[in-house]
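Student: What follows is a single structure, and I will ask about it in a moment.
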Amino acid sequence: MSELLEIDNLETILHTGKEPVRAVDGLSLKISRGETFALLGESGCGKSMTALSIMRLLPDAGEILAGSIKINGSDLLQLPEIDMRTIRGKHISMIFQEPMLSLNPVLTIAEQINEVLKRHFNLTPEAAQTRILDLLNHVGIPDAARRMHEYSFQFSGGMKQRAMVAMALAGEPELLIADEPTTALDVTIQAQVLELMRQIQQRNHMAILLITHDLGVVSEMAQRIAVMYAGEIIELATREDFFAHPAHPYSHQLFASLPKKQKRNQALAVINGNVPSLTQEFIGCRFADRCNKVTDICYQSKPQWQTITPHHQVRCHLFNKDSTLATNNPFPKTPEKNENIAVVDPISAATLPKTNNALLEVNDLKVHFPIHKGFFRRVVGHVKAVDGLSLKISAGKTLALVGESGCGKTTVGKSILQLINPTAGSVRYNNQELVGLKRKELRQMRSEFQFVFQDPYSSLNPRMRIIEILEEGMNALNVDTNDQENTNQQPSAFSREQEINDLLQRVGLPIETKWRYPHEFSGGQRQRIAIARALAVNPKLLICDEPTSALDISVQAQILNLLKSLQNNLGLAFLFITHNIAVVEYLADEIAVMYLGRIVEQGHIDEVTNHPKHPYTQALLSAVPQIEQTPDQKIIKLAGDLPSPAAPPSGCHFHPRCQHVMPICRKSYPQTSVFSPTHTTHCFLYTQEQSSSDHEH
């Protein structure tokens, strides 16, 4: 394969403060035609800045100091801006991480794609419209002839991402840069987007630079992998070599941080600390402060490239044959012990007994939002966000609620806490009905259940210090500190501050951080603060809405360890809303699969993940990217998109996308089929008699 992209000693800095930030510091890589090259690493290590440097789309504070970026032998850094406009779209295209921020809200999707076509092709208006329609059909936009004239805000998250792919491919580029193209997508939509990229790559012999921190996606897509840390590449290998024998301590610890069902009763390994500030001059290894194999030489000299195999290189003193540190096998494939595990409390058998008594019981919950139309705002229909949902959670247990975006998961969580008023149904907490409870009575119970939101930065007041954020909930709900318990005295400022100190230590944050503001923390630390705020009022139930979806692997491991140790030591119950199946398998006791406002399958975690019954559950689990791929692994493709909850299909809601659809599926909704005392589904493939006989056998 001939080289398409060659980057040599690239240095990019950002002038954002007193000292310049060396976002990309001496990076070199090559990408061949038709190859998928993955750039892997934590947030803040310089992956996106590398992509923006290639496109020459740096922010105003950005500057390329040195190096070369060659496409087909032509150095892009020597071209004037007018020539770069010809390169962008035609030779190199980019899919940005957040499609909502990248699509123009005042232009239709067709108009935005047409801008690319007008720049690079001399097409008639009719030919351009035909080309736009073909592109949108290729990326799987349903009813493309009509929807091409809609605006981006009328598209779902998955459809916006596909529209971005269509726009990036309109100029038939030789290189596609995909910056976290599937981070915010459900696994089913993620599988569709990745398969689409593979098909177009094979058809056009296009190269892909895939920027991600998802090891499962890397395993499925990439031929070669570069691990990036603190502005430089520290490991370079083929997919086979990297996943069989990760060499650098950082790579090795990333694998140890992955949640798996096999690790369910143990703590996940985490990497202490954060990516170092890129304003400093590095003398030794950049990973030394966080490394579990660190020695004196790591601080004294910068590691050079060491060759492990002809296709596998690493920057690490452990592999220097001239060093006394070198060993034949520095890292076994599966470590029995990781010395750098940081856990707030050891994860062992729960100190508080788990009971089967339902702490939370939800029956036939419905949340319907009215659709208003016309001058007089008449109600012309309803959005059935939640449509007859039932579930139970016992004290000290975790129920995972999974499903595609738009199926109503977050609405369920908010309606359970009465942040949204249910239309119908019952929500009983500790045998007390919450639906219809007066505001004053509900306020007295608020400390019993709390919500941890998906984006901690949006849910933390940026003008308040951490101590004020934690005090606010305590004061609002009149939560007494331990020494004031069962008395009418107001807690003293000293006792309140001591309780906040204890809270911060419990979630693994230093006491002195209470005087800082939210913007001074990393994403993982902000999520810890959000959890501390929820714990400040001594709850028994936490509803966690995608608390790890935007976090790096190692930070995710820290949060999962924290949640598990808090549950074991405090007896907390969790409703864990997510679409990350690996996290579910590690954390959850039971799982409920939700589709279009209803639960279609529910059971113990092993029952559902090992023996899924509903066709939707089977498709959902098949679409999860696997690091260890098997020859018989097959993704079940779902037709179309999630239907609108404003007009759900008749009969079984899943029948328009189901490959096993029967005439009865279109007529009526299936009743419950029982496979075990804990495993049920709603599907006509299983009758009551069949499922009962299966249980007997």
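Chain labels run A, B, ... following the order of the structure tokens; each chain numbers its residues from 1, and ligands are numbered from 1 in the order shown.
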Just want the 12 Å neighbourhood of A:Asp134, counted on only C-alpha atoms, with same-chain residues fewer than 3 positions away dropped. Output as a PyMOL selection string.

Tutor: chain A and resi 110+113+127-131+137-145+148+166-167+169-170

Student: Leaving out A:Ala51 and any residue of its chain fewer than 4 positions from it, which residues lie within 12 Å of it when counting only C-alpha atoms, given as a PyMOL selection string?

Tutor: chain A and resi 7+10+12+23-24+27+38-39+46-47+55-58+69+92-97+175-180+208-212

Student: How would the residues just picked look written out with N, CA and C atoms as a compact mmCIF listing (two decimals), in the first residue's frame?

Tutor:
# COMPACT_ATOMS: atom_id res chain seq x y z
N ILE A 7 2.83 12.50 8.26
CA ILE A 7 3.04 13.59 9.22
C ILE A 7 4.41 13.39 9.86
N LEU A 10 5.28 16.90 13.91
CA LEU A 10 4.30 17.99 14.00
C LEU A 10 4.28 18.59 15.41
N THR A 12 2.12 21.54 17.47
CA THR A 12 1.01 22.50 17.50
C THR A 12 0.86 23.03 18.91
N ALA A 23 -0.05 21.20 22.58
CA ALA A 23 -1.12 20.21 22.37
C ALA A 23 -0.63 19.01 21.57
N VAL A 24 0.18 19.26 20.54
CA VAL A 24 0.79 18.19 19.75
C VAL A 24 2.29 18.47 19.74
N LEU A 27 4.77 14.88 16.81
CA LEU A 27 4.04 13.69 16.36
C LEU A 27 4.39 13.33 14.92
N ALA A 38 -6.21 3.99 13.73
CA ALA A 38 -6.88 4.48 14.94
C ALA A 38 -5.90 5.25 15.82
N LEU A 39 -6.34 6.42 16.28
CA LEU A 39 -5.58 7.23 17.23
C LEU A 39 -6.32 7.16 18.56
N GLY A 46 -4.43 15.35 22.98
CA GLY A 46 -4.06 15.99 21.73
C GLY A 46 -4.60 15.34 20.47
N LYS A 47 -5.54 14.39 20.59
CA LYS A 47 -6.06 13.68 19.41
C LYS A 47 -6.80 14.63 18.46
N MET A 55 -6.34 19.37 9.03
CA MET A 55 -7.31 20.12 8.23
C MET A 55 -6.98 21.62 8.17
N ARG A 56 -6.02 22.06 8.98
CA ARG A 56 -5.70 23.48 9.14
C ARG A 56 -6.95 24.28 9.53
N LEU A 57 -7.62 23.74 10.55
CA LEU A 57 -8.83 24.38 11.08
C LEU A 57 -8.67 24.66 12.57
N LEU A 58 -7.46 25.03 12.96
CA LEU A 58 -7.18 25.30 14.37
C LEU A 58 -7.96 26.53 14.86
N ILE A 69 2.95 18.13 7.03
CA ILE A 69 1.77 17.28 6.83
C ILE A 69 1.60 17.12 5.32
N ILE A 92 -9.45 15.58 1.72
CA ILE A 92 -9.59 15.23 3.14
C ILE A 92 -10.92 15.77 3.65
N SER A 93 -11.71 14.89 4.30
CA SER A 93 -12.95 15.32 4.94
C SER A 93 -12.92 14.91 6.40
N MET A 94 -13.76 15.57 7.19
CA MET A 94 -13.76 15.30 8.63
C MET A 94 -15.18 15.19 9.16
N ILE A 95 -15.40 14.15 9.97
CA ILE A 95 -16.64 14.02 10.72
C ILE A 95 -16.34 14.51 12.13
N PHE A 96 -16.99 15.58 12.55
CA PHE A 96 -16.71 16.17 13.85
C PHE A 96 -17.44 15.41 14.95
N GLN A 97 -16.94 15.60 16.18
CA GLN A 97 -17.44 14.83 17.32
C GLN A 97 -18.89 15.16 17.64
N LEU A 175 -9.09 10.71 2.17
CA LEU A 175 -8.89 10.48 3.60
C LEU A 175 -10.08 11.03 4.38
N LEU A 176 -10.66 10.19 5.22
CA LEU A 176 -11.76 10.61 6.10
C LEU A 176 -11.24 10.62 7.53
N ILE A 177 -11.31 11.78 8.19
CA ILE A 177 -10.95 11.90 9.60
C ILE A 177 -12.23 11.83 10.41
N ALA A 178 -12.36 10.80 11.25
CA ALA A 178 -13.57 10.61 12.06
C ALA A 178 -13.22 10.82 13.53
N ASP A 179 -13.62 11.96 14.08
CA ASP A 179 -13.28 12.32 15.46
C ASP A 179 -14.41 11.88 16.39
N GLU A 180 -14.19 10.79 17.11
CA GLU A 180 -15.19 10.22 18.02
C GLU A 180 -16.56 10.14 17.33
N ILE A 208 -9.04 5.97 6.46
CA ILE A 208 -9.77 6.54 7.60
C ILE A 208 -8.81 6.75 8.76
N LEU A 209 -8.80 7.96 9.31
CA LEU A 209 -8.12 8.24 10.57
C LEU A 209 -9.21 8.28 11.63
N LEU A 210 -9.27 7.25 12.46
CA LEU A 210 -10.33 7.09 13.45
C LEU A 210 -9.81 7.53 14.82
N ILE A 211 -10.39 8.60 15.36
CA ILE A 211 -10.00 9.13 16.67
C ILE A 211 -11.04 8.70 17.69
N THR A 212 -10.62 7.96 18.72
CA THR A 212 -11.57 7.42 19.68
C THR A 212 -10.87 7.00 20.96

Student: So that I can see what lies close to A:His15, please list as a VMD selection string the residues with an atom at most 7 Å from it, counting only C-alpha atoms and leaving out residues fewer than 3 positions away in the same chain.

Tutor: chain A and resid 20 to 21 61 to 62

Student: When DSSP works through the backbone of this structure, what residues of stretch 131-288 of chain A end up as strand (DSSP E or B), shown as a list in words?

Tutor: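 Output for stretch 131-288 of chain A, strand (DSSP E or B) only: Tyr151, Leu175, Leu176, Ile177, Ala178, Asp179, Ala207, Ile208, Leu209, Leu210, Ile211, Thr212, Arg224, Ile225, Ala226, Val227, Met228, Tyr229, Glu232, Ile233, Ile234, Glu235, Leu236, Ala237 and Thr238 of chain A.
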
Student: What would the file look like if the residues just selected were written as an mmCIF file, in the first residue's frame with N, CA, C and O atoms?

Tutor:
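Heads up, here's the output in selection-v7.cif:
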data_model
loop_
_atom_site.group_PDB
_atom_site.id
_atom_site.type_symbol
_atom_site.label_atom_id
_atom_site.label_comp_id
_atom_site.auth_asym_id
_atom_site.auth_seq_id
_atom_site.Cartn_x
_atom_site.Cartn_y
_atom_site.Cartn_z
ATOM 1 N N TYR A 151 -34.429 20.363 8.327
ATOM 2 C CA TYR A 151 -33.306 20.988 9.030
ATOM 3 C C TYR A 151 -32.705 20.017 10.050
ATOM 4 O O TYR A 151 -33.345 19.035 10.440
ATOM 5 N N LEU A 175 -9.095 10.711 2.172
ATOM 6 C CA LEU A 175 -8.891 10.476 3.603
ATOM 7 C C LEU A 175 -10.077 11.030 4.379
ATOM 8 O O LEU A 175 -10.457 12.187 4.207
ATOM 9 N N LEU A 176 -10.661 10.188 5.222
ATOM 10 C CA LEU A 176 -11.756 10.611 6.095
ATOM 11 C C LEU A 176 -11.244 10.622 7.535
ATOM 12 O O LEU A 176 -10.774 9.602 8.043
ATOM 13 N N ILE A 177 -11.310 11.783 8.190
ATOM 14 C CA ILE A 177 -10.946 11.895 9.605
ATOM 15 C C ILE A 177 -12.235 11.831 10.408
ATOM 16 O O ILE A 177 -13.113 12.682 10.258
ATOM 17 N N ALA A 178 -12.364 10.803 11.250
ATOM 18 C CA ALA A 178 -13.572 10.610 12.060
ATOM 19 C C ALA A 178 -13.217 10.823 13.528
ATOM 20 O O ALA A 178 -12.561 9.980 14.138
ATOM 21 N N ASP A 179 -13.618 11.964 14.080
ATOM 22 C CA ASP A 179 -13.281 12.322 15.464
ATOM 23 C C ASP A 179 -14.411 11.882 16.394
ATOM 24 O O ASP A 179 -15.463 12.516 16.453
ATOM 25 N N ALA A 207 -8.980 6.019 2.853
ATOM 26 C CA ALA A 207 -8.295 5.839 4.134
ATOM 27 C C ALA A 207 -9.101 6.523 5.231
ATOM 28 O O ALA A 207 -9.785 7.530 4.988
ATOM 29 N N ILE A 208 -9.041 5.973 6.457
ATOM 30 C CA ILE A 208 -9.769 6.541 7.596
ATOM 31 C C ILE A 208 -8.808 6.748 8.759
ATOM 32 O O ILE A 208 -8.069 5.836 9.127
ATOM 33 N N LEU A 209 -8.802 7.964 9.310
ATOM 34 C CA LEU A 209 -8.125 8.240 10.573
ATOM 35 C C LEU A 209 -9.210 8.281 11.634
ATOM 36 O O LEU A 209 -10.003 9.219 11.685
ATOM 37 N N LEU A 210 -9.272 7.247 12.459
ATOM 38 C CA LEU A 210 -10.331 7.090 13.452
ATOM 39 C C LEU A 210 -9.811 7.530 14.819
ATOM 40 O O LEU A 210 -8.900 6.917 15.376
ATOM 41 N N ILE A 211 -10.395 8.604 15.359
ATOM 42 C CA ILE A 211 -10.003 9.129 16.666
ATOM 43 C C ILE A 211 -11.045 8.696 17.685
ATOM 44 O O ILE A 211 -12.231 9.002 17.538
ATOM 45 N N THR A 212 -10.615 7.956 18.720
ATOM 46 C CA THR A 212 -11.573 7.415 19.677
ATOM 47 C C THR A 212 -10.871 7.004 20.959
ATOM 48 O O THR A 212 -9.643 6.952 21.018
ATOM 49 N N ARG A 224 -4.212 -0.529 11.937
ATOM 50 C CA ARG A 224 -3.078 -0.101 12.751
ATOM 51 C C ARG A 224 -3.560 0.875 13.814
ATOM 52 O O ARG A 224 -4.548 1.582 13.620
ATOM 53 N N ILE A 225 -2.811 0.912 14.936
ATOM 54 C CA ILE A 225 -3.220 1.699 16.097
ATOM 55 C C ILE A 225 -2.040 2.496 16.625
ATOM 56 O O ILE A 225 -0.930 1.965 16.743
ATOM 57 N N ALA A 226 -2.279 3.767 16.935
ATOM 58 C CA ALA A 226 -1.294 4.597 17.628
ATOM 59 C C ALA A 226 -1.918 5.047 18.944
ATOM 60 O O ALA A 226 -3.041 5.562 18.961
ATOM 61 N N VAL A 227 -1.218 4.835 20.046
ATOM 62 C CA VAL A 227 -1.680 5.287 21.358
ATOM 63 C C VAL A 227 -1.027 6.634 21.635
ATOM 64 O O VAL A 227 0.197 6.765 21.587
ATOM 65 N N MET A 228 -1.855 7.637 21.936
ATOM 66 C CA MET A 228 -1.361 8.991 22.151
ATOM 67 C C MET A 228 -1.499 9.368 23.619
ATOM 68 O O MET A 228 -2.514 9.056 24.259
ATOM 69 N N TYR A 229 -0.476 10.020 24.152
ATOM 70 C CA TYR A 229 -0.516 10.447 25.550
ATOM 71 C C TYR A 229 0.269 11.750 25.704
ATOM 72 O O TYR A 229 1.426 11.841 25.285
ATOM 73 N N GLU A 232 2.052 13.252 22.500
ATOM 74 C CA GLU A 232 2.931 12.450 21.646
ATOM 75 C C GLU A 232 2.430 11.015 21.549
ATOM 76 O O GLU A 232 1.685 10.546 22.415
ATOM 77 N N ILE A 233 2.859 10.327 20.497
ATOM 78 C CA ILE A 233 2.521 8.916 20.334
ATOM 79 C C ILE A 233 3.507 8.087 21.146
ATOM 80 O O ILE A 233 4.725 8.276 21.061
ATOM 81 N N ILE A 234 2.971 7.142 21.950
ATOM 82 C CA ILE A 234 3.839 6.339 22.819
ATOM 83 C C ILE A 234 3.850 4.854 22.430
ATOM 84 O O ILE A 234 4.687 4.098 22.914
ATOM 85 N N GLU A 235 2.903 4.450 21.562
ATOM 86 C CA GLU A 235 2.914 3.065 21.086
ATOM 87 C C GLU A 235 2.289 3.023 19.697
ATOM 88 O O GLU A 235 1.298 3.706 19.428
ATOM 89 N N LEU A 236 2.885 2.215 18.827
ATOM 90 C CA LEU A 236 2.425 2.095 17.442
ATOM 91 C C LEU A 236 2.457 0.620 17.075
ATOM 92 O O LEU A 236 3.501 -0.031 17.208
ATOM 93 N N ALA A 237 1.325 0.052 16.636
ATOM 94 C CA ALA A 237 1.272 -1.391 16.389
ATOM 95 C C ALA A 237 0.138 -1.733 15.443
ATOM 96 O O ALA A 237 -0.776 -0.929 15.216
ATOM 97 N N THR A 238 0.207 -2.947 14.893
ATOM 98 C CA THR A 238 -0.935 -3.479 14.150
ATOM 99 C C THR A 238 -2.016 -3.864 15.151
ATOM 100 O O THR A 238 -1.746 -4.034 16.355
#

Student: Stretch 4-57 of chain A: which residues are alpha helix (DSSP H) by DSSP, as a PyMOL selection string?

Tutor: chain A and resi 47-55

Student: For the residues in that selection, give me N, CA, C and O atoms as an mmCIF file, in the first residue's frame.

Tutor:
data_model
loop_
_atom_site.group_PDB
_atom_site.id
_atom_site.type_symbol
_atom_site.label_atom_id
_atom_site.label_comp_id
_atom_site.auth_asym_id
_atom_site.auth_seq_id
_atom_site.Cartn_x
_atom_site.Cartn_y
_atom_site.Cartn_z
ATOM 1 N N LYS A 47 -5.537 14.391 20.592
ATOM 2 C CA LYS A 47 -6.056 13.678 19.410
ATOM 3 C C LYS A 47 -6.797 14.630 18.464
ATOM 4 O O LYS A 47 -6.519 14.664 17.262
ATOM 5 N N SER A 48 -7.749 15.391 19.010
ATOM 6 C CA SER A 48 -8.547 16.287 18.162
ATOM 7 C C SER A 48 -7.695 17.412 17.585
ATOM 8 O O SER A 48 -7.925 17.853 16.450
ATOM 9 N N MET A 49 -6.709 17.898 18.342
ATOM 10 C CA MET A 49 -5.818 18.944 17.833
ATOM 11 C C MET A 49 -4.973 18.432 16.664
ATOM 12 O O MET A 49 -4.649 19.184 15.743
ATOM 13 N N THR A 50 -4.635 17.145 16.705
ATOM 14 C CA THR A 50 -3.930 16.539 15.563
ATOM 15 C C THR A 50 -4.812 16.589 14.321
ATOM 16 O O THR A 50 -4.358 16.970 13.231
ATOM 17 N N ALA A 51 -6.083 16.223 14.481
ATOM 18 C CA ALA A 51 -7.014 16.232 13.348
ATOM 19 C C ALA A 51 -7.215 17.644 12.807
ATOM 20 O O ALA A 51 -7.202 17.863 11.586
ATOM 21 N N LEU A 52 -7.398 18.617 13.703
ATOM 22 C CA LEU A 52 -7.609 20.001 13.266
ATOM 23 C C LEU A 52 -6.349 20.575 12.624
ATOM 24 O O LEU A 52 -6.441 21.430 11.731
ATOM 25 N N SER A 53 -5.183 20.105 13.055
ATOM 26 C CA SER A 53 -3.926 20.536 12.426
ATOM 27 C C SER A 53 -3.851 20.022 10.993
ATOM 28 O O SER A 53 -3.427 20.741 10.084
ATOM 29 N N ILE A 54 -4.257 18.770 10.782
ATOM 30 C CA ILE A 54 -4.247 18.199 9.428
ATOM 31 C C ILE A 54 -5.166 19.001 8.512
ATOM 32 O O ILE A 54 -4.818 19.313 7.367
ATOM 33 N N MET A 55 -6.340 19.370 9.033
ATOM 34 C CA MET A 55 -7.311 20.122 8.233
ATOM 35 C C MET A 55 -6.980 21.620 8.166
ATOM 36 O O MET A 55 -7.613 22.349 7.418
#
